[in-house]
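Below is one structure; the comments refer to it alone.
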Amino acid sequence: MRLSNLLAATAFAATSLTAVVPAALACGDDAAAPNKAAPADAKKVKIAIAGMSCGGCATAIHNALLKIDGVFVADVTFESGNAVVAFDPKKVTPDALVQAIQAAGYKPGKPTDA
Ligand SMILES: [Cu+2]
């Protein structure tokens, strides 16, 4: 979630006479954080994600997942609506991945082994 955009959009809407739809609200325009090298024993899961509307959404989810300590790779694709995530199972649970995707504003399904 991009609080700065939200605040800017709210301030603009409050000073404007016309209704403003904050189009950038759900979509990140940040650069994608680089994936890290995943060790051979990394666990991999696939998660279907609903609610993405463009590649910026995929990047926002990618960055949210990579912020979690123990996540090595997050390949999020808008076109397929999927994330494939490689992580250290000693540090991260599939549930934590689901929660991070929800916190970013999207609707993840159940993680399955990938
Ligand atoms: Cu988007």
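FYI, nothing fancy with the structure tokens labels: chains A, B, ... in order, residues from 1 per chain, ligands from 1 as they appear.
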
Shell of 6 Å around ligand 1 (only C-alpha atoms and all ligand atoms), written as a ChimeraX atom specification: /A:26-27,52-57

Written file, previous selection with C-alpha atoms, as a PDB file, in the first residue's frame:
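Final file, out08.pdb:
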ATOM      1  CA  ALA A  26      -3.657   0.033  -6.239  1.00  0.00           C
ATOM      2  CA  CYS A  27      -0.683   0.136  -8.579  1.00  0.00           C
ATOM      3  CA  MET A  52      -4.150  -7.339 -10.077  1.00  0.00           C
ATOM      4  CA  SER A  53      -5.017  -4.859 -12.825  1.00  0.00           C
ATOM      5  CA  CYS A  54      -1.624  -4.218 -14.435  1.00  0.00           C
ATOM      6  CA  GLY A  55       2.065  -5.021 -14.323  1.00  0.00           C
ATOM      7  CA  GLY A  56       2.517  -2.372 -11.623  1.00  0.00           C
ATOM      8  CA  CYS A  57       0.370  -4.491  -9.305  1.00  0.00           C
TER       9      CYS A  57
END

Extract the full set of strand (DSSP E) residues from region 18-88 of chain A according to DSSP on the backbone, and format it as a ChimeraX atom specification. /A:43-50,71-77,82-87

Write a file of the selected residues as a CSV table (one decimal), in the first residue's frame, keeping N, CA and C atoms.
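Okay, result_26.csv is ready:
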chain,number,residue,atom,x,y,z
A,43,LYS,N,12.3,-23.6,-0.3
A,43,LYS,CA,11.0,-24.1,-0.6
A,43,LYS,C,10.4,-23.2,-1.6
A,44,LYS,N,9.6,-23.8,-2.5
A,44,LYS,CA,8.9,-23.1,-3.5
A,44,LYS,C,7.4,-23.3,-3.5
A,45,VAL,N,6.6,-22.2,-3.5
A,45,VAL,CA,5.2,-22.4,-3.6
A,45,VAL,C,4.7,-21.5,-4.7
A,46,LYS,N,3.5,-21.9,-5.2
A,46,LYS,CA,2.8,-21.1,-6.2
A,46,LYS,C,1.5,-20.5,-5.5
A,47,ILE,N,1.2,-19.3,-5.8
A,47,ILE,CA,0.0,-18.7,-5.2
A,47,ILE,C,-0.7,-17.9,-6.3
A,48,ALA,N,-2.0,-18.3,-6.5
A,48,ALA,CA,-2.9,-17.5,-7.4
A,48,ALA,C,-3.3,-16.2,-6.7
A,49,ILE,N,-3.3,-15.1,-7.4
A,49,ILE,CA,-3.6,-13.8,-6.8
A,49,ILE,C,-4.7,-13.1,-7.7
A,50,ALA,N,-5.8,-12.8,-7.0
A,50,ALA,CA,-6.8,-12.0,-7.7
A,50,ALA,C,-6.6,-10.5,-7.3
A,71,VAL,N,12.7,-14.5,2.1
A,71,VAL,CA,12.2,-14.7,0.8
A,71,VAL,C,13.4,-14.4,-0.2
A,72,PHE,N,13.6,-15.4,-1.1
A,72,PHE,CA,14.7,-15.2,-2.1
A,72,PHE,C,14.2,-14.7,-3.4
A,73,VAL,N,13.2,-15.3,-3.9
A,73,VAL,CA,12.7,-15.0,-5.2
A,73,VAL,C,11.2,-14.9,-5.2
A,74,ALA,N,10.6,-13.9,-5.8
A,74,ALA,CA,9.2,-13.7,-6.0
A,74,ALA,C,8.9,-13.4,-7.4
A,75,ASP,N,8.5,-14.3,-8.2
A,75,ASP,CA,8.1,-14.1,-9.6
A,75,ASP,C,6.6,-13.9,-9.7
A,76,VAL,N,6.2,-12.7,-9.8
A,76,VAL,CA,4.8,-12.4,-9.9
A,76,VAL,C,4.4,-11.9,-11.3
A,77,THR,N,3.4,-12.6,-11.9
A,77,THR,CA,3.1,-12.3,-13.3
A,77,THR,C,1.6,-11.8,-13.3
A,82,ASN,N,-0.4,-15.2,-11.1
A,82,ASN,CA,0.3,-16.1,-10.2
A,82,ASN,C,1.6,-15.5,-9.6
A,83,ALA,N,1.9,-16.0,-8.4
A,83,ALA,CA,3.2,-15.7,-7.9
A,83,ALA,C,3.9,-17.1,-7.6
A,84,VAL,N,5.1,-17.2,-8.0
A,84,VAL,CA,5.9,-18.3,-7.6
A,84,VAL,C,7.0,-17.7,-6.7
A,85,VAL,N,7.1,-18.3,-5.4
A,85,VAL,CA,8.0,-17.7,-4.4
A,85,VAL,C,8.9,-18.8,-3.9
A,86,ALA,N,10.2,-18.4,-3.8
A,86,ALA,CA,11.2,-19.3,-3.2
A,86,ALA,C,11.6,-18.7,-1.9
A,87,PHE,N,11.6,-19.5,-0.8
A,87,PHE,CA,11.9,-18.9,0.5
A,87,PHE,C,12.6,-19.9,1.4

Rounded to one decimal place, report the CA of Thr93 (chain A)-CA of Ala64 (chain A) distance in Å.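 Separation between CA of Thr93 (chain A) and CA of Ala64 (chain A): 14.9 Å.
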
Excluding Ala60 (chain A) and any residue of its chain fewer than 6 positions from it, enumerate the residues within 8 Å of it, using only C-alpha atoms, and give them as a ChimeraX atom specification. /A:27-30,32,104

Option closest in space to Ala42 (chain A), from A:Leu66, A:Asp88, A:Gly81, A:Gly109 [counting only C-alpha atoms]: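 Using only C-alpha atoms, Ala42 (chain A) sits closest to A:Asp88.
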
Could you pull the residues within 10 Å of Lys67 (chain A), counting only C-alpha atoms, minus those fewer than 5 positions along the same chain, as a list in words?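 Neighbouring residues, sequence-local ones excluded: Ala33, Ile61, His62, Phe72 and Ala100 of chain A.
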
Using only C-alpha atoms: which of A:Asp41, A:Gly51, A:Tyr106, A:Ala96 has the shortest distance to Ile68 (chain A): A:Ala96

Residue set, region 8-113 of chain A restricted to alpha helix (DSSP H), as number ranges by chain: A: 8-15, 55-66, 94-103
